[in-house]
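See below for run.pdb, which holds PDB, C-alpha atoms and all ligand atoms.
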MODEL        1
ATOM      1  CA  MET H   1       2.172 -15.219  10.617  1.00  0.00           C
ATOM      2  CA  SER H   2       0.626 -18.673  10.967  1.00  0.00           C
ATOM      3  CA  THR H   3       3.779 -20.242  12.290  1.00  0.00           C
ATOM      4  CA  ASN H   4       3.080 -22.182  15.436  1.00  0.00           C
ATOM      5  CA  VAL H   5       6.569 -23.606  15.227  1.00  0.00           C
ATOM      6  CA  LEU H   6       7.992 -20.114  15.688  1.00  0.00           C
ATOM      7  CA  ASP H   7       5.566 -19.386  18.537  1.00  0.00           C
ATOM      8  CA  GLU H   8       6.802 -22.547  20.225  1.00  0.00           C
ATOM      9  CA  PHE H   9      10.404 -21.568  19.602  1.00  0.00           C
ATOM     10  CA  VAL H  10       9.867 -18.126  21.161  1.00  0.00           C
ATOM     11  CA  ALA H  11       8.154 -19.754  24.148  1.00  0.00           C
ATOM     12  CA  THR H  12      11.132 -22.089  24.596  1.00  0.00           C
ATOM     13  CA  CYS H  13      13.582 -19.182  24.403  1.00  0.00           C
ATOM     14  CA  ARG H  14      11.571 -17.213  26.970  1.00  0.00           C
ATOM     15  CA  ALA H  15      11.526 -20.223  29.277  1.00  0.00           C
ATOM     16  CA  VAL H  16      15.306 -20.715  29.229  1.00  0.00           C
ATOM     17  CA  VAL H  17      16.647 -17.171  28.828  1.00  0.00           C
ATOM     18  CA  MET H  18      16.730 -16.481  32.572  1.00  0.00           C
ATOM     19  CA  GLY H  19      18.217 -19.898  33.322  1.00  0.00           C
ATOM     20  CA  GLU H  20      21.811 -20.810  34.048  1.00  0.00           C
ATOM     21  CA  GLN H  21      22.885 -21.638  30.500  1.00  0.00           C
ATOM     22  CA  PRO H  22      20.721 -19.619  28.120  1.00  0.00           C
ATOM     23  CA  ILE H  23      23.163 -19.746  25.191  1.00  0.00           C
ATOM     24  CA  VAL H  24      23.473 -23.519  25.439  1.00  0.00           C
ATOM     25  CA  GLU H  25      19.726 -23.974  25.734  1.00  0.00           C
ATOM     26  CA  ILE H  26      18.814 -21.512  22.972  1.00  0.00           C
ATOM     27  CA  THR H  27      21.476 -22.992  20.677  1.00  0.00           C
ATOM     28  CA  ARG H  28      19.964 -26.421  21.270  1.00  0.00           C
ATOM     29  CA  ALA H  29      16.452 -25.125  20.570  1.00  0.00           C
ATOM     30  CA  MET H  30      17.713 -23.383  17.412  1.00  0.00           C
ATOM     31  CA  GLU H  31      19.404 -26.580  16.199  1.00  0.00           C
ATOM     32  CA  GLN H  32      16.074 -28.359  16.576  1.00  0.00           C
ATOM     33  CA  LEU H  33      14.189 -25.505  14.882  1.00  0.00           C
ATOM     34  CA  VAL H  34      16.341 -25.551  11.727  1.00  0.00           C
ATOM     35  CA  ALA H  35      17.103 -29.287  11.714  1.00  0.00           C
ATOM     36  CA  GLU H  36      14.858 -29.773   8.689  1.00  0.00           C
ATOM     37  CA  PRO H  37      15.332 -26.408   7.014  1.00  0.00           C
ATOM     38  CA  SER H  38      13.100 -27.007   3.995  1.00  0.00           C
ATOM     39  CA  VAL H  39      10.245 -28.064   6.285  1.00  0.00           C
ATOM     40  CA  LEU H  40      10.701 -24.902   8.352  1.00  0.00           C
ATOM     41  CA  ALA H  41      10.958 -22.727   5.217  1.00  0.00           C
ATOM     42  CA  ALA H  42       7.611 -24.087   4.032  1.00  0.00           C
ATOM     43  CA  GLN H  43       6.012 -22.944   7.309  1.00  0.00           C
ATOM     44  CA  ILE H  44       7.326 -19.370   7.266  1.00  0.00           C
ATOM     45  CA  PRO H  45       5.734 -17.097   4.673  1.00  0.00           C
ATOM     46  CA  GLU H  46       8.104 -15.040   2.615  1.00  0.00           C
ATOM     47  CA  PRO H  47       7.533 -11.356   3.382  1.00  0.00           C
ATOM     48  CA  VAL H  48       5.863  -9.059   0.924  1.00  0.00           C
ATOM     49  CA  MET H  49       8.620  -6.650   0.032  1.00  0.00           C
ATOM     50  CA  GLY H  50       7.291  -3.142   0.387  1.00  0.00           C
ATOM     51  CA  LEU H  51       7.550  -0.064   2.518  1.00  0.00           C
ATOM     52  CA  SER H  52       8.972  -1.907   5.497  1.00  0.00           C
ATOM     53  CA  SER H  53      11.761  -3.529   3.495  1.00  0.00           C
ATOM     54  CA  SER H  54      15.171  -2.073   2.761  1.00  0.00           C
ATOM     55  CA  VAL H  55      18.068  -2.702   0.419  1.00  0.00           C
ATOM     56  CA  ALA H  56      19.301  -5.255   2.970  1.00  0.00           C
ATOM     57  CA  GLY H  57      16.028  -7.175   2.924  1.00  0.00           C
ATOM     58  CA  SER H  58      13.423  -7.434   5.631  1.00  0.00           C
ATOM     59  CA  ASP H  59      13.420  -8.150   9.365  1.00  0.00           C
ATOM     60  CA  GLU H  60      10.278  -9.515  10.998  1.00  0.00           C
ATOM     61  CA  ILE H  61      10.262  -9.163  14.743  1.00  0.00           C
ATOM     62  CA  LEU H  62       8.656 -12.096  16.534  1.00  0.00           C
ATOM     63  CA  PHE H  63       9.310 -11.039  20.119  1.00  0.00           C
ATOM     64  CA  GLU H  64      11.160  -8.465  22.172  1.00  0.00           C
ATOM     65  CA  ASP H  65      11.377  -7.747  25.858  1.00  0.00           C
ATOM     66  CA  GLU H  66      14.259  -6.715  28.089  1.00  0.00           C
ATOM     67  CA  SER H  67      15.681 -10.239  28.136  1.00  0.00           C
ATOM     68  CA  LEU H  68      15.150 -11.492  24.611  1.00  0.00           C
ATOM     69  CA  THR H  69      14.710 -10.427  20.976  1.00  0.00           C
ATOM     70  CA  VAL H  70      13.727 -12.831  18.197  1.00  0.00           C
ATOM     71  CA  PHE H  71      13.684 -11.930  14.511  1.00  0.00           C
ATOM     72  CA  VAL H  72      13.239 -13.664  11.195  1.00  0.00           C
ATOM     73  CA  VAL H  73      15.860 -12.037   8.972  1.00  0.00           C
ATOM     74  CA  HIS H  74      15.408 -12.144   5.199  1.00  0.00           C
ATOM     75  CA  SER H  75      18.662 -10.957   3.599  1.00  0.00           C
ATOM     76  CA  ALA H  76      18.516  -9.786   0.002  1.00  0.00           C
ATOM     77  CA  PRO H  77      20.944 -11.338  -2.489  1.00  0.00           C
ATOM     78  CA  ASP H  78      24.304  -9.789  -3.227  1.00  0.00           C
ATOM     79  CA  VAL H  79      24.128  -6.929  -0.747  1.00  0.00           C
ATOM     80  CA  GLN H  80      27.132  -6.502   1.545  1.00  0.00           C
ATOM     81  CA  GLN H  81      25.628  -5.394   4.853  1.00  0.00           C
ATOM     82  CA  PRO H  82      27.851  -3.266   7.116  1.00  0.00           C
ATOM     83  CA  PRO H  83      29.871  -4.354  10.165  1.00  0.00           C
ATOM     84  CA  HIS H  84      28.104  -3.836  13.470  1.00  0.00           C
ATOM     85  CA  ASP H  85      28.042  -5.049  17.042  1.00  0.00           C
ATOM     86  CA  HIS H  86      25.136  -6.127  19.262  1.00  0.00           C
ATOM     87  CA  LEU H  87      26.690  -5.869  22.779  1.00  0.00           C
ATOM     88  CA  ILE H  88      24.627  -8.903  23.757  1.00  0.00           C
ATOM     89  CA  SER H  89      24.966 -12.556  22.797  1.00  0.00           C
ATOM     90  CA  ALA H  90      23.265 -13.820  19.650  1.00  0.00           C
ATOM     91  CA  VAL H  91      22.253 -17.188  18.228  1.00  0.00           C
ATOM     92  CA  ILE H  92      21.583 -17.451  14.486  1.00  0.00           C
ATOM     93  CA  GLY H  93      19.992 -20.374  12.664  1.00  0.00           C
ATOM     94  CA  VAL H  94      19.744 -20.456   8.872  1.00  0.00           C
ATOM     95  CA  TYR H  95      16.909 -22.263   7.103  1.00  0.00           C
ATOM     96  CA  GLU H  96      17.333 -21.096   3.502  1.00  0.00           C
ATOM     97  CA  GLY H  97      20.314 -19.871   1.490  1.00  0.00           C
ATOM     98  CA  ILE H  98      23.735 -18.999   2.845  1.00  0.00           C
ATOM     99  CA  GLU H  99      24.365 -16.301   5.438  1.00  0.00           C
ATOM    100  CA  GLU H 100      27.953 -15.274   4.835  1.00  0.00           C
ATOM    101  CA  GLN H 101      29.512 -14.018   8.047  1.00  0.00           C
ATOM    102  CA  ARG H 102      32.492 -11.685   8.043  1.00  0.00           C
ATOM    103  CA  TYR H 103      34.078 -11.261  11.453  1.00  0.00           C
ATOM    104  CA  PHE H 104      36.062  -8.300  12.716  1.00  0.00           C
ATOM    105  CA  ARG H 105      37.924  -7.356  15.839  1.00  0.00           C
ATOM    106  CA  ARG H 106      38.396  -3.914  17.303  1.00  0.00           C
ATOM    107  CA  GLU H 107      41.974  -2.689  17.147  1.00  0.00           C
ATOM    108  CA  GLY H 108      43.306   0.823  17.743  1.00  0.00           C
ATOM    109  CA  GLY H 109      39.941   2.485  17.398  1.00  0.00           C
ATOM    110  CA  SER H 110      39.251   0.739  14.108  1.00  0.00           C
ATOM    111  CA  LEU H 111      38.390  -2.718  12.829  1.00  0.00           C
ATOM    112  CA  VAL H 112      40.511  -5.565  11.501  1.00  0.00           C
ATOM    113  CA  ARG H 113      39.035  -8.456   9.521  1.00  0.00           C
ATOM    114  CA  SER H 114      39.317 -11.720  11.413  1.00  0.00           C
ATOM    115  CA  GLY H 115      37.916 -14.445   9.257  1.00  0.00           C
ATOM    116  CA  GLY H 116      34.443 -15.531   8.428  1.00  0.00           C
ATOM    117  CA  ALA H 117      32.085 -18.428   7.883  1.00  0.00           C
ATOM    118  CA  ASP H 118      29.295 -19.445   5.556  1.00  0.00           C
ATOM    119  CA  ILE H 119      26.260 -20.559   7.571  1.00  0.00           C
ATOM    120  CA  GLY H 120      23.999 -22.771   5.488  1.00  0.00           C
ATOM    121  CA  PRO H 121      20.569 -24.329   5.935  1.00  0.00           C
ATOM    122  CA  GLY H 122      20.328 -26.271   9.171  1.00  0.00           C
ATOM    123  CA  GLU H 123      23.431 -24.627  10.652  1.00  0.00           C
ATOM    124  CA  VAL H 124      23.575 -22.559  13.844  1.00  0.00           C
ATOM    125  CA  LEU H 125      26.043 -19.886  14.932  1.00  0.00           C
ATOM    126  CA  ALA H 126      26.451 -18.347  18.385  1.00  0.00           C
ATOM    127  CA  LEU H 127      28.108 -14.920  18.713  1.00  0.00           C
ATOM    128  CA  GLY H 128      29.422 -13.466  21.949  1.00  0.00           C
ATOM    129  CA  PRO H 129      28.528  -9.979  23.164  1.00  0.00           C
ATOM    130  CA  ARG H 130      31.828  -8.501  21.955  1.00  0.00           C
ATOM    131  CA  ALA H 131      31.445  -9.816  18.395  1.00  0.00           C
ATOM    132  CA  VAL H 132      31.574  -7.455  15.434  1.00  0.00           C
ATOM    133  CA  HIS H 133      30.217  -9.006  12.275  1.00  0.00           C
ATOM    134  CA  ALA H 134      28.727  -8.265   8.892  1.00  0.00           C
ATOM    135  CA  ILE H 135      26.383 -10.468   6.918  1.00  0.00           C
ATOM    136  CA  SER H 136      25.473 -10.955   3.288  1.00  0.00           C
ATOM    137  CA  ALA H 137      23.513 -13.432   1.233  1.00  0.00           C
ATOM    138  CA  ASN H 138      25.514 -14.192  -1.835  1.00  0.00           C
ATOM    139  CA  GLY H 139      23.762 -15.776  -4.797  1.00  0.00           C
ATOM    140  CA  GLY H 140      20.228 -15.844  -3.408  1.00  0.00           C
ATOM    141  CA  TRP H 141      17.983 -14.825  -0.558  1.00  0.00           C
ATOM    142  CA  CYS H 142      19.042 -15.993   2.876  1.00  0.00           C
ATOM    143  CA  ARG H 143      16.425 -16.596   5.546  1.00  0.00           C
ATOM    144  CA  ALA H 144      17.420 -17.074   9.160  1.00  0.00           C
ATOM    145  CA  VAL H 145      16.136 -16.820  12.709  1.00  0.00           C
ATOM    146  CA  HIS H 146      18.189 -14.453  14.898  1.00  0.00           C
ATOM    147  CA  VAL H 147      17.916 -14.503  18.690  1.00  0.00           C
ATOM    148  CA  TYR H 148      19.533 -11.867  20.928  1.00  0.00           C
ATOM    149  CA  LEU H 149      19.803 -12.119  24.693  1.00  0.00           C
ATOM    150  CA  GLY H 150      18.404  -8.697  25.469  1.00  0.00           C
ATOM    151  CA  ALA H 151      16.305  -5.891  24.011  1.00  0.00           C
ATOM    152  CA  LEU H 152      18.241  -5.265  20.816  1.00  0.00           C
ATOM    153  CA  SER H 153      16.274  -2.190  19.767  1.00  0.00           C
ATOM    154  CA  SER H 154      17.064  -0.302  22.986  1.00  0.00           C
ATOM    155  CA  ILE H 155      20.841  -0.874  23.012  1.00  0.00           C
ATOM    156  CA  ASP H 156      23.132   1.977  21.979  1.00  0.00           C
ATOM    157  CA  ARG H 157      25.357  -0.031  19.688  1.00  0.00           C
ATOM    158  CA  SER H 158      27.717   0.602  16.807  1.00  0.00           C
ATOM    159  CA  LEU H 159      27.791   0.437  13.071  1.00  0.00           C
ATOM    160  CA  PHE H 160      30.954   0.815  11.005  1.00  0.00           C
ATOM    161  CA  ASP H 161      31.491   2.586   7.705  1.00  0.00           C
ATOM    162  CA  PRO H 162      32.267  -0.255   5.266  1.00  0.00           C
ATOM    163  CA  GLU H 163      35.090   1.668   3.576  1.00  0.00           C
ATOM    164  CA  THR H 164      36.751   3.562   6.448  1.00  0.00           C
ATOM    165  CA  PHE H 165      35.606   1.422   9.418  1.00  0.00           C
ATOM    166  CA  ASP H 166      34.689   4.646  11.220  1.00  0.00           C
ATOM    167  CA  GLU H 167      32.463   3.785  14.180  1.00  0.00           C
ATOM    168  CA  LYS H 168      29.009   5.391  14.194  1.00  0.00           C
ATOM    169  CA  PRO H 169      25.861   4.996  16.282  1.00  0.00           C
ATOM    170  CA  MET H 170      23.586   2.298  14.897  1.00  0.00           C
ATOM    171  CA  THR H 171      20.457   3.549  13.197  1.00  0.00           C
ATOM    172  CA  SER H 172      18.376   1.768  10.593  1.00  0.00           C
ATOM    173  CA  GLU H 173      18.864   4.687   8.196  1.00  0.00           C
ATOM    174  CA  ARG H 174      22.643   4.512   8.529  1.00  0.00           C
ATOM    175  CA  TYR H 175      22.609   0.707   8.216  1.00  0.00           C
ATOM    176  CA  GLU H 176      20.778   1.071   4.910  1.00  0.00           C
ATOM    177  CA  LYS H 177      23.177   3.784   3.746  1.00  0.00           C
ATOM    178  CA  PHE H 178      26.193   1.559   4.513  1.00  0.00           C
ATOM    179  CA  CYS H 179      24.865  -1.412   2.511  1.00  0.00           C
ATOM    180  CA  ARG H 180      26.785  -2.069  -0.702  1.00  0.00           C
ATOM    181  CA  ARG H 181      25.443  -3.931  -3.692  1.00  0.00           C
ATOM    182  CA  GLY H 182      27.785  -6.525  -5.099  1.00  0.00           C
ATOM    183  CA  GLY H 183      29.248  -9.930  -4.379  1.00  0.00           C
ATOM    184  CA  SER H 184      31.485 -11.182  -1.634  1.00  0.00           C
ATOM    185  CA  SER H 185      34.401  -9.031  -0.502  1.00  0.00           C
TER
HETATM  186 FE    FE K   1      24.225  -8.701  13.507  1.00  0.00          FE
ENDMDL
END
Would you put the structure from the file into structure tokens?
Amino acid sequence: MSTNVLDEFVATCRAVVMGEQPIVEITRAMEQLVAEPSVLAAQIPEPVMGLSSSVAGSDEILFEDESLTVFVVHSAPDVQQPPHDHLISAVIGVYEGIEEQRYFRREGGSLVRSGGADIGPGEVLALGPRAVHAISANGGWCRAVHVYLGALSSIDRSLFDPETFDEKPMTSERYEKFCRRGGSS
């Protein structure tokens, strides 16, 4: 990926993640990164959809260590991705399309819907470590940069059945299985 702007962004995140206010600093860096979303979109190649892609789209990992994970997330149109948690804070910046966020809260061993938001190009969202959310890209591809304050791939976190809200261990296979084609719910 010939995206020096993303290399610089990762370097900035790495520099501030161990500081006193990493969410504030990474949110600020993300706001700068996506401030001109069409300019950023032109600098990030669209992925070739193939073996590494799924019904949900394609995630390109830019960096991961024990303190930080950075992805470019390409969400396929009109696929309702399943609710899940991260157990670490996240900062999301959209540069193309709309990332529809559905929020949930845990209640009595299950989930309850608790609102949502449409995050559009140039907009940034921070999620706390207790957040449970689900994303979809309604009407067209959504492309966004996702930052997590930890090693996302090594966390034992949860995924929820989209119909029953049963809590299951997160795996990429189960995430794919819980995706539902169709518009907004
Ligand atoms: Fe997520």
Residues at most 9 Å from Val10 of chain H, counting all atoms listed in the file, excluding those fewer than 4 positions away in the same chain, as a compact mmCIF listing (two decimals) with C-alpha atoms, keeping the file's coordinate frame?
# COMPACT_ATOMS: atom_id res chain seq x y z
CA VAL H 5 6.57 -23.61 15.23
CA LEU H 6 7.99 -20.11 15.69
CA ARG H 14 11.57 -17.21 26.97
CA ALA H 15 11.53 -20.22 29.28
CA LEU H 62 8.66 -12.10 16.53
CA PHE H 63 9.31 -11.04 20.12
CA VAL H 70 13.73 -12.83 18.20
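Evaluated against this file, the PyMOL selection byres (((not hetatm)) within 8 of (chain K and resi 1)) yields Pro83, His84, Asp85, His86, Val132, His133, Ala134 and Ile135 of chain H.
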Spatial neighbours of Asp65 of chain H, max dist 9 Å, all atoms listed in the file, sep filter under 4 positions, as a PyMOL selection string: chain H and resi 69+150-152
Contact residues around Trp141 of chain H with only C-alpha atoms at 6 Å, ignoring same-chain residues under 3 positions, as JSON, numbers by chain: {"H": [75, 76, 77, 97, 137]}
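Minimum atom-to-atom distances from H:Val16, H:Ala131, H:Ala29, H:Val73 to Ile88 of chain H were compared using only C-alpha atoms, and the lowest value belongs to H:Ala131.
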Spatial neighbours of Leu33 of chain H, 9 Å, all atoms listed in the file, chain gap at least 6 places, as a list in words: Val5, Leu6, Phe9, Leu40, Gly93, Tyr95 and Gly122 of chain H
Matched chain/residue IDs from the PyMOL selection byres (((chain H and resi 56) around 10) and not hetatm), as a PyMOL selection string: chain H and resi 53-55+57-59+73-82+135-137+175-181
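As for atom CA of Arg102 of chain H and atom CA of Gln32 of chain H, they are spaced 24.9 Å apart.
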Residues selected by the PyMOL selection byres (((chain H and resi 105) around 10) and not hetatm), written as a ChimeraX atom specification: /H:103-104,106-108,110-115,130-133
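Straight-line separation from atom CA of Ile26 of chain H to atom CA of Ser154 of chain H: 21.3 Å.
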